[in-house]
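File shown: my_file-v8.cif (mmCIF, C-alpha atoms).
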data_run
#
loop_
_atom_site.label_atom_id
_atom_site.label_comp_id
_atom_site.auth_asym_id
_atom_site.auth_seq_id
_atom_site.Cartn_x
_atom_site.Cartn_y
_atom_site.Cartn_z
CA MET A 1 0.00 0.00 0.00
CA GLN A 2 1.37 3.45 -0.88
CA GLN A 3 2.35 5.54 2.13
CA PHE A 4 0.53 8.85 2.64
CA LYS A 5 2.42 12.14 2.30
CA LEU A 6 -0.12 14.64 3.52
CA LYS A 7 0.25 18.27 2.50
CA ASN A 8 -1.26 21.69 3.14
CA GLY A 9 -2.51 21.02 6.65
CA ALA A 10 -4.62 17.98 5.72
CA LEU A 11 -2.88 15.64 8.18
CA GLY A 12 -5.09 16.42 11.18
CA THR A 13 -8.29 16.15 9.18
CA TYR A 14 -7.20 12.91 7.56
CA ILE A 15 -6.32 11.29 10.89
CA ALA A 16 -9.67 12.36 12.37
CA LEU A 17 -11.63 10.97 9.44
CA LEU A 18 -9.63 7.74 9.40
CA ALA A 19 -10.27 7.28 13.12
CA GLY A 20 -13.97 7.76 12.42
CA VAL A 21 -13.91 5.01 9.80
CA LEU A 22 -12.26 2.54 12.17
CA MET A 23 -14.57 3.42 15.06
CA LEU A 24 -17.62 3.05 12.84
CA MET A 25 -16.59 -0.43 11.72
CA PHE A 26 -16.05 -1.49 15.32
CA MET A 27 -19.35 -0.06 16.57
CA LEU A 28 -21.38 -1.65 13.81
CA LYS A 29 -19.75 -5.01 14.40
CA GLN A 30 -20.58 -4.77 18.09
CA CYS A 31 -24.16 -3.58 17.51
CA SER A 32 -25.00 -6.35 15.05
CA SER A 33 -23.10 -9.25 16.60
CA SER A 34 -26.13 -10.62 18.44
CA ARG A 35 -28.34 -10.68 15.36
CA THR A 36 -28.81 -13.18 12.57
CA ASP A 37 -25.45 -13.96 10.98
CA ARG A 38 -26.61 -14.71 7.48
CA GLY A 39 -29.28 -13.32 5.20
CA ASN A 40 -30.92 -14.88 2.14
CA ALA A 41 -33.29 -13.93 -0.64
CA GLY A 42 -36.37 -15.03 1.26
CA ALA A 43 -35.45 -13.77 4.72
CA PHE A 44 -37.20 -10.42 4.43
CA ALA A 45 -40.39 -11.94 3.03
CA SER A 46 -40.62 -14.26 6.02
CA GLY A 47 -40.25 -11.39 8.47
CA ASP A 48 -36.62 -12.08 9.48
CA THR A 49 -33.68 -9.69 9.57
CA LEU A 50 -33.03 -7.52 6.51
CA ASN A 51 -29.28 -7.73 5.86
CA VAL A 52 -28.00 -4.51 4.33
CA ALA A 53 -24.62 -3.98 2.66
CA ILE A 54 -24.12 -0.27 3.27
CA ASP A 55 -21.39 1.93 1.86
CA TYR A 56 -19.28 4.01 4.21
CA SER A 57 -19.79 7.54 2.88
CA PRO A 58 -21.30 10.85 4.05
CA MET A 59 -24.53 10.14 2.16
CA SER A 60 -24.90 6.50 3.19
CA MET A 61 -23.30 6.12 6.62
CA TYR A 62 -20.63 8.01 8.55
CA MET A 63 -19.40 8.69 12.07
CA ASN A 64 -20.11 12.04 13.74
CA GLY A 65 -18.51 11.97 17.18
CA ASP A 66 -19.97 8.86 18.80
CA THR A 67 -23.11 8.93 16.60
CA ILE A 68 -23.67 7.08 13.33
CA GLY A 69 -25.43 9.11 10.65
CA GLY A 70 -25.94 9.41 6.89
CA PHE A 71 -28.98 10.04 4.71
CA ASN A 72 -29.49 6.39 3.75
CA TYR A 73 -28.70 5.09 7.23
CA ASP A 74 -31.14 7.49 8.89
CA MET A 75 -33.84 6.76 6.33
CA LEU A 76 -33.46 3.01 6.76
CA ARG A 77 -33.67 3.32 10.53
CA GLU A 78 -36.86 5.36 10.24
CA LEU A 79 -38.39 2.91 7.76
CA ALA A 80 -37.51 0.08 10.15
CA ALA A 81 -39.15 1.85 13.08
CA ILE A 82 -42.32 2.63 11.12
CA ASN A 83 -42.65 -0.84 9.58
CA ASN A 84 -41.34 -2.95 12.48
CA LEU A 85 -38.30 -4.27 10.57
CA LYS A 86 -35.13 -5.82 11.93
CA LEU A 87 -31.99 -4.50 10.28
CA LYS A 88 -28.42 -5.74 10.27
CA PHE A 89 -25.85 -3.46 8.65
CA HIS A 90 -22.76 -4.81 6.89
CA PRO A 91 -20.52 -1.77 6.23
CA VAL A 92 -18.36 -1.93 3.11
CA ASN A 93 -15.74 0.32 1.53
CA SER A 94 -16.37 -0.68 -2.08
CA LEU A 95 -19.25 -1.43 -4.41
CA GLU A 96 -17.46 -4.57 -5.51
CA ARG A 97 -17.61 -5.97 -1.98
CA ALA A 98 -21.26 -4.97 -1.63
CA MET A 99 -22.11 -6.81 -4.84
CA GLU A 100 -20.29 -9.91 -3.63
CA LEU A 101 -22.43 -9.90 -0.48
CA LEU A 102 -25.61 -9.42 -2.51
CA ASP A 103 -24.76 -11.98 -5.20
CA SER A 104 -23.87 -14.61 -2.61
CA GLY A 105 -27.16 -14.16 -0.76
CA TYR A 106 -25.40 -12.93 2.38
CA CYS A 107 -27.19 -9.58 2.08
CA ASN A 108 -30.60 -8.68 0.70
CA LEU A 109 -29.97 -5.06 -0.18
CA ILE A 110 -27.17 -2.72 -1.27
CA VAL A 111 -27.37 0.82 0.07
CA ALA A 112 -24.73 3.07 -1.47
CA ASP A 113 -24.19 6.15 -3.63
CA LEU A 114 -25.86 4.53 -6.63
CA PRO A 115 -27.45 6.51 -9.47
CA ILE A 116 -30.12 4.75 -11.50
CA THR A 117 -28.37 3.86 -14.75
CA THR A 118 -28.59 1.11 -17.34
CA ASP A 119 -25.21 -0.29 -16.18
CA TYR A 120 -26.72 -2.53 -13.51
CA ASP A 121 -30.22 -2.82 -14.88
CA GLU A 122 -29.69 -6.31 -16.32
CA ARG A 123 -28.26 -7.71 -13.06
CA TYR A 124 -30.22 -5.95 -10.33
CA LEU A 125 -33.53 -4.37 -9.38
CA PHE A 126 -33.53 -0.68 -8.48
CA ILE A 127 -35.58 0.36 -5.47
CA GLU A 128 -37.75 3.53 -5.44
CA PRO A 129 -35.36 6.55 -5.68
CA THR A 130 -34.49 8.22 -2.39
CA PHE A 131 -32.89 11.53 -3.47
CA LEU A 132 -31.14 13.33 -6.35
CA ASP A 133 -27.36 13.63 -6.71
CA ARG A 134 -24.73 13.92 -9.44
CA SER A 135 -21.06 13.11 -10.03
CA VAL A 136 -18.42 15.81 -9.64
CA LEU A 137 -14.67 16.14 -10.10
CA VAL A 138 -12.56 16.40 -6.95
CA GLN A 139 -9.34 18.34 -7.50
CA ARG A 140 -6.88 20.42 -5.51
CA ARG A 141 -6.76 24.18 -5.57
CA ASP A 142 -3.62 26.00 -6.72
CA SER A 143 -1.58 28.45 -4.58
CA THR A 144 -4.08 31.25 -5.31
CA GLY A 145 -7.06 29.17 -4.25
CA GLU A 146 -8.29 28.54 -7.78
CA LYS A 147 -9.13 25.08 -9.13
CA MET A 148 -6.49 23.48 -11.32
CA LEU A 149 -8.84 22.42 -14.14
CA LYS A 150 -11.30 25.10 -15.19
CA SER A 151 -13.73 22.84 -17.09
CA VAL A 152 -14.31 19.23 -18.16
CA LEU A 153 -12.44 20.06 -21.40
CA ASP A 154 -9.24 20.19 -19.35
CA LEU A 155 -9.68 16.50 -18.43
CA ALA A 156 -8.34 15.51 -21.86
CA GLY A 157 -5.43 13.11 -21.35
CA LYS A 158 -5.77 13.21 -17.55
CA ARG A 159 -6.19 10.29 -15.13
CA VAL A 160 -9.10 10.19 -12.69
CA ARG A 161 -9.67 7.77 -9.79
CA VAL A 162 -13.10 6.24 -9.14
CA VAL A 163 -14.43 3.59 -6.79
CA ALA A 164 -14.28 0.18 -8.48
CA GLY A 165 -17.67 -0.80 -9.84
CA ALA A 166 -19.00 2.76 -9.84
CA PRO A 167 -21.47 3.35 -12.69
CA VAL A 168 -19.90 6.75 -13.39
CA VAL A 169 -17.23 4.95 -15.47
CA ASN A 170 -19.53 4.93 -18.51
CA ARG A 171 -20.26 8.62 -18.08
CA ILE A 172 -16.52 9.44 -17.98
CA ASN A 173 -15.90 7.37 -21.13
CA ASN A 174 -18.76 9.18 -22.88
CA LEU A 175 -17.35 12.50 -21.70
CA GLY A 176 -14.01 11.59 -23.27
CA ARG A 177 -15.74 10.99 -26.60
CA GLU A 178 -17.60 14.29 -26.25
CA ILE A 179 -14.38 16.29 -25.77
CA GLY A 180 -12.55 14.27 -28.41
CA ASP A 181 -9.80 12.89 -26.20
CA THR A 182 -9.15 10.05 -23.76
CA ILE A 183 -9.79 10.41 -20.04
CA TYR A 184 -7.91 7.62 -18.28
CA ILE A 185 -9.74 5.87 -15.45
CA ASP A 186 -8.12 4.15 -12.46
CA MET A 187 -10.62 1.98 -10.58
CA ASP A 188 -9.88 1.67 -6.87
CA SER A 189 -10.96 -1.44 -4.95
CA THR A 190 -9.45 -0.31 -1.64
CA TYR A 191 -10.88 3.09 -0.82
CA SER A 192 -14.38 4.54 -0.54
CA ALA A 193 -15.52 7.67 -2.39
CA GLU A 194 -14.93 9.77 0.72
CA GLN A 195 -11.41 8.40 1.12
CA LEU A 196 -10.61 9.10 -2.55
CA ALA A 197 -11.57 12.74 -2.00
CA MET A 198 -9.27 12.80 1.03
CA LEU A 199 -6.44 11.30 -1.05
CA VAL A 200 -6.83 14.13 -3.55
CA ALA A 201 -6.54 16.65 -0.72
CA ALA A 202 -3.43 14.82 0.54
CA GLY A 203 -1.78 15.00 -2.88
CA GLU A 204 -1.75 11.22 -3.31
CA VAL A 205 -4.28 11.34 -6.17
CA ASP A 206 -4.62 14.17 -8.70
CA TYR A 207 -8.29 13.80 -9.59
CA ALA A 208 -11.24 11.71 -8.42
CA VAL A 209 -14.87 11.50 -9.47
CA VAL A 210 -17.43 10.91 -6.72
CA ASN A 211 -21.02 11.87 -5.91
CA GLU A 212 -21.57 15.53 -5.09
CA GLY A 213 -23.11 14.80 -1.69
CA VAL A 214 -19.96 12.96 -0.63
CA ALA A 215 -17.64 15.54 -2.18
CA ARG A 216 -19.28 18.52 -0.49
CA LYS A 217 -19.18 16.87 2.93
CA VAL A 218 -15.42 16.34 2.56
CA ALA A 219 -14.81 19.80 1.06
CA ALA A 220 -16.54 21.38 4.06
CA LYS A 221 -13.78 19.90 6.25
CA ILE A 222 -10.82 20.17 3.86
CA SER A 223 -10.45 23.52 2.10
CA GLU A 224 -7.64 22.31 -0.18
CA ILE A 225 -10.06 20.69 -2.64
CA ASP A 226 -12.55 22.00 -5.18
CA VAL A 227 -15.72 20.05 -6.05
CA THR A 228 -17.57 22.51 -8.30
CA THR A 229 -16.96 20.83 -11.69
CA ASN A 230 -19.93 18.66 -12.66
CA ILE A 231 -19.30 15.39 -14.47
CA SER A 232 -22.93 14.28 -14.83
CA PHE A 233 -26.40 15.75 -14.65
CA SER A 234 -28.55 15.21 -11.55
CA GLN A 235 -29.52 11.55 -11.27
CA PHE A 236 -31.95 9.47 -9.24
CA GLN A 237 -30.16 7.79 -6.32
CA SER A 238 -31.46 4.35 -5.40
CA TRP A 239 -30.76 1.12 -3.52
CA ILE A 240 -30.54 -2.22 -5.33
CA THR A 241 -31.46 -5.85 -4.76
CA ASN A 242 -31.21 -9.06 -6.79
CA LYS A 243 -33.49 -9.71 -9.75
CA SER A 244 -35.02 -12.62 -7.83
CA ASN A 245 -36.08 -10.36 -4.93
CA ILE A 246 -39.15 -8.86 -6.58
CA GLU A 247 -41.22 -9.19 -3.40
CA LEU A 248 -38.53 -7.37 -1.43
CA LYS A 249 -38.37 -4.59 -4.00
CA ASN A 250 -42.13 -4.13 -4.01
CA SER A 251 -42.27 -4.07 -0.21
CA ILE A 252 -39.52 -1.47 0.17
CA ASP A 253 -40.90 0.57 -2.74
CA SER A 254 -44.22 0.85 -0.91
CA MET A 255 -42.50 1.85 2.33
CA ILE A 256 -40.43 4.55 0.62
CA ILE A 257 -43.39 5.96 -1.33
CA ARG A 258 -45.38 6.29 1.90
CA TYR A 259 -42.39 7.77 3.71
CA LYS A 260 -41.93 10.43 1.03
CA ASN A 261 -45.32 11.86 2.02
CA THR A 262 -44.19 12.53 5.61
CA GLN A 263 -42.68 15.56 7.28
CA ALA A 264 -39.83 13.34 8.51
CA TYR A 265 -38.70 12.83 4.90
CA GLU A 266 -38.77 16.59 4.23
CA GLU A 267 -36.64 17.16 7.32
CA LEU A 268 -34.19 14.47 6.19
CA LEU A 269 -33.77 16.17 2.80
CA LYS A 270 -33.06 19.50 4.51
CA ARG A 271 -30.64 17.96 7.01
CA TYR A 272 -28.47 16.50 4.25
CA HIS A 273 -29.02 19.30 1.70
CA VAL A 274 -30.30 17.06 -1.09
CA SER A 275 -33.28 17.30 -3.42
CA ARG A 276 -36.45 15.28 -3.62
CA PRO A 277 -36.61 13.16 -6.79
CA PRO A 278 -39.56 14.03 -9.04
CA ARG A 279 -42.27 11.41 -9.30
CA GLN A 280 -41.46 8.81 -11.97
#
In structure tokens, write the structure found in this file.
Amino acid sequence: MQQFKLKNGALGTYIALLAGVLMLMFMLKQCSSSRTDRGNAGAFASGDTLNVAIDYSPMSMYMNGDTIGGFNYDMLRELAAINNLKLKFHPVNSLERAMELLDSGYCNLIVADLPITTDYDERYLFIEPTFLDRSVLVQRRDSTGEKMLKSVLDLAGKRVRVVAGAPVVNRINNLGREIGDTIYIDMDSTYSAEQLAMLVAAGEVDYAVVNEGVARKVAAKISEIDVTTNISFSQFQSWITNKSNIELKNSIDSMIIRYKNTQAYEELLKRYHVSRPPRQ
């Protein structure tokens, strides 16, 4: 593993965020250790524990002091309370690992920063959208505080880092064709989207592409990065399950649709500064 060489005052922030990641993993392991150890495609339908592979990110799940938060995490907890569900969270750092858990039947549901695209449509079922987000470029600022690349046109011939398995890969390839030059993509199986943004701030990675919700949360703590260059348009963000879990999809769809008509959902949108998806 490459050793970090943190620059521009990012060391303290990086250590704090890394400590949060480790503490979160420990707390979730402790909280879920007494529950069912293994999920399967029919577990939810029979009223047993819903096993959730959840991505560690500011929009899915993160540590704030000694409290676990995140838009998706909070929403799932509220849905569970309203509908008398039992949840077991399996935190992951990569989409690849989440898909392994889902494909093997260990988990019933993937909750992550996932836009609704055609990339996974043949393999998985998308749940009712939960909010709107888009992909942005994470880059460092220069000595005057300005961003290094002024527009997506400047990405020609550059390398960008993305989380392995992220559907934004197709968008970046299409963007390369649109600007008439290659944008090289490095897919990372080790780090989460939040950690990639931190690596950019540390000078270990030049450019990364992650969801805007994640990027803005990191940029609020680390001033060395800029996240204002859009890579995609706003997209529906959703959770996914296996094609065979139609009953699970329909059940969670109904729960989410009902929840979207509550004041609690409106407050959740405001708390995390995201937009309500228009009705499909």
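Using all atoms listed in the file, the smallest distance between any of A:Ser94, A:Ser135, A:Asn51, A:Asn64 and Leu76 in chain A comes from A:Asn51.
Proximity to Asn245 in chain A was assessed for A:Ile54, A:Leu102, A:Leu175, A:Val209 counting all atoms listed in the file; the smallest distance is recorded for A:Leu102.
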*Do a neighbour search on Asp253 in chain A at 12 Å with all atoms listed in the file, toss out local chain neighbours closer than 5 positions, and write the hits as a PyMOL selection string.*
chain A and resi 79+125-130+238-241+246-248+258-260
_Exercise: Thr229 in chain A partners within 10 Å, only C-alpha atoms, chain neighbours under 4 positions left out, as a PyMOL selection string_ = chain A and resi 135-139+147+149-152+209+212
On this file, the PyMOL selection byres ((chain A and resi 101) around 10) gives some set of residues; write that set as an mmCIF file with C-alpha atoms, in the frame of the given file.
data_model
loop_
_atom_site.group_PDB
_atom_site.id
_atom_site.type_symbol
_atom_site.label_atom_id
_atom_site.label_comp_id
_atom_site.auth_asym_id
_atom_site.auth_seq_id
_atom_site.Cartn_x
_atom_site.Cartn_y
_atom_site.Cartn_z
ATOM 1 C CA GLY A 39 -29.280 -13.320 5.200
ATOM 2 C CA ASN A 51 -29.280 -7.730 5.860
ATOM 3 C CA VAL A 52 -28.000 -4.510 4.330
ATOM 4 C CA ALA A 53 -24.620 -3.980 2.660
ATOM 5 C CA HIS A 90 -22.760 -4.810 6.890
ATOM 6 C CA VAL A 92 -18.360 -1.930 3.110
ATOM 7 C CA LEU A 95 -19.250 -1.430 -4.410
ATOM 8 C CA GLU A 96 -17.460 -4.570 -5.510
ATOM 9 C CA ARG A 97 -17.610 -5.970 -1.980
ATOM 10 C CA ALA A 98 -21.260 -4.970 -1.630
ATOM 11 C CA MET A 99 -22.110 -6.810 -4.840
ATOM 12 C CA GLU A 100 -20.290 -9.910 -3.630
ATOM 13 C CA LEU A 102 -25.610 -9.420 -2.510
ATOM 14 C CA ASP A 103 -24.760 -11.980 -5.200
ATOM 15 C CA SER A 104 -23.870 -14.610 -2.610
ATOM 16 C CA GLY A 105 -27.160 -14.160 -0.760
ATOM 17 C CA TYR A 106 -25.400 -12.930 2.380
ATOM 18 C CA CYS A 107 -27.190 -9.580 2.080
ATOM 19 C CA ASN A 108 -30.600 -8.680 0.700
ATOM 20 C CA LEU A 109 -29.970 -5.060 -0.180
ATOM 21 C CA ILE A 110 -27.170 -2.720 -1.270
#
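Residue selection for this entry, given the PyMOL selection byres ((chain A and resi 141) around 10), comprises A:Val138, A:Gln139, A:Arg140, A:Asp142, A:Ser143, A:Thr144, A:Gly145, A:Glu146, A:Lys147, A:Met148, A:Leu149, A:Ala201, A:Ser223, A:Glu224, A:Ile225, A:Asp226, A:Val227.
Using all atoms listed in the file for every distance, the candidate list A:Ala202, A:Ala80, A:Leu155, A:Val214 yields A:Val214 as the residue closest to Met61 in chain A.
Taking CA of Ile252 in chain A and CA of Lys270 in chain A as the two end points, the separation is 22.4 Å.
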_Selection: 10 Å around range 157-169 of chain A, only C-alpha atoms, excl. self and same-chain fewer than 4 positions, as a PyMOL selection string_ = chain A and resi 93-99+113-120+134-139+153+173-176+181-197+199-200+205-211+231-232
_Evaluated on this file, the PyMOL selection byres ((chain A and resi 59) around 9) picks out some residues - which ones are they, written as a PyMOL selection string?_
chain A and resi 55-58+60-62+69-73+112-113+211+213-214+217+272
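For the pair CA of Arg271 in chain A and CA of Ala220 in chain A, the interatomic distance is 14.8 Å.
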_I'd like the interatomic distance between CA of Met198 in chain A and CA of Val218 in chain A, to a tenth of an Å._
7.3 Å
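Checking A:Arg171, A:Lys88, A:His273, A:Arg77 one by one against Gln235 in chain A, counting all atoms listed in the file, you find the shortest gap at A:Arg171.
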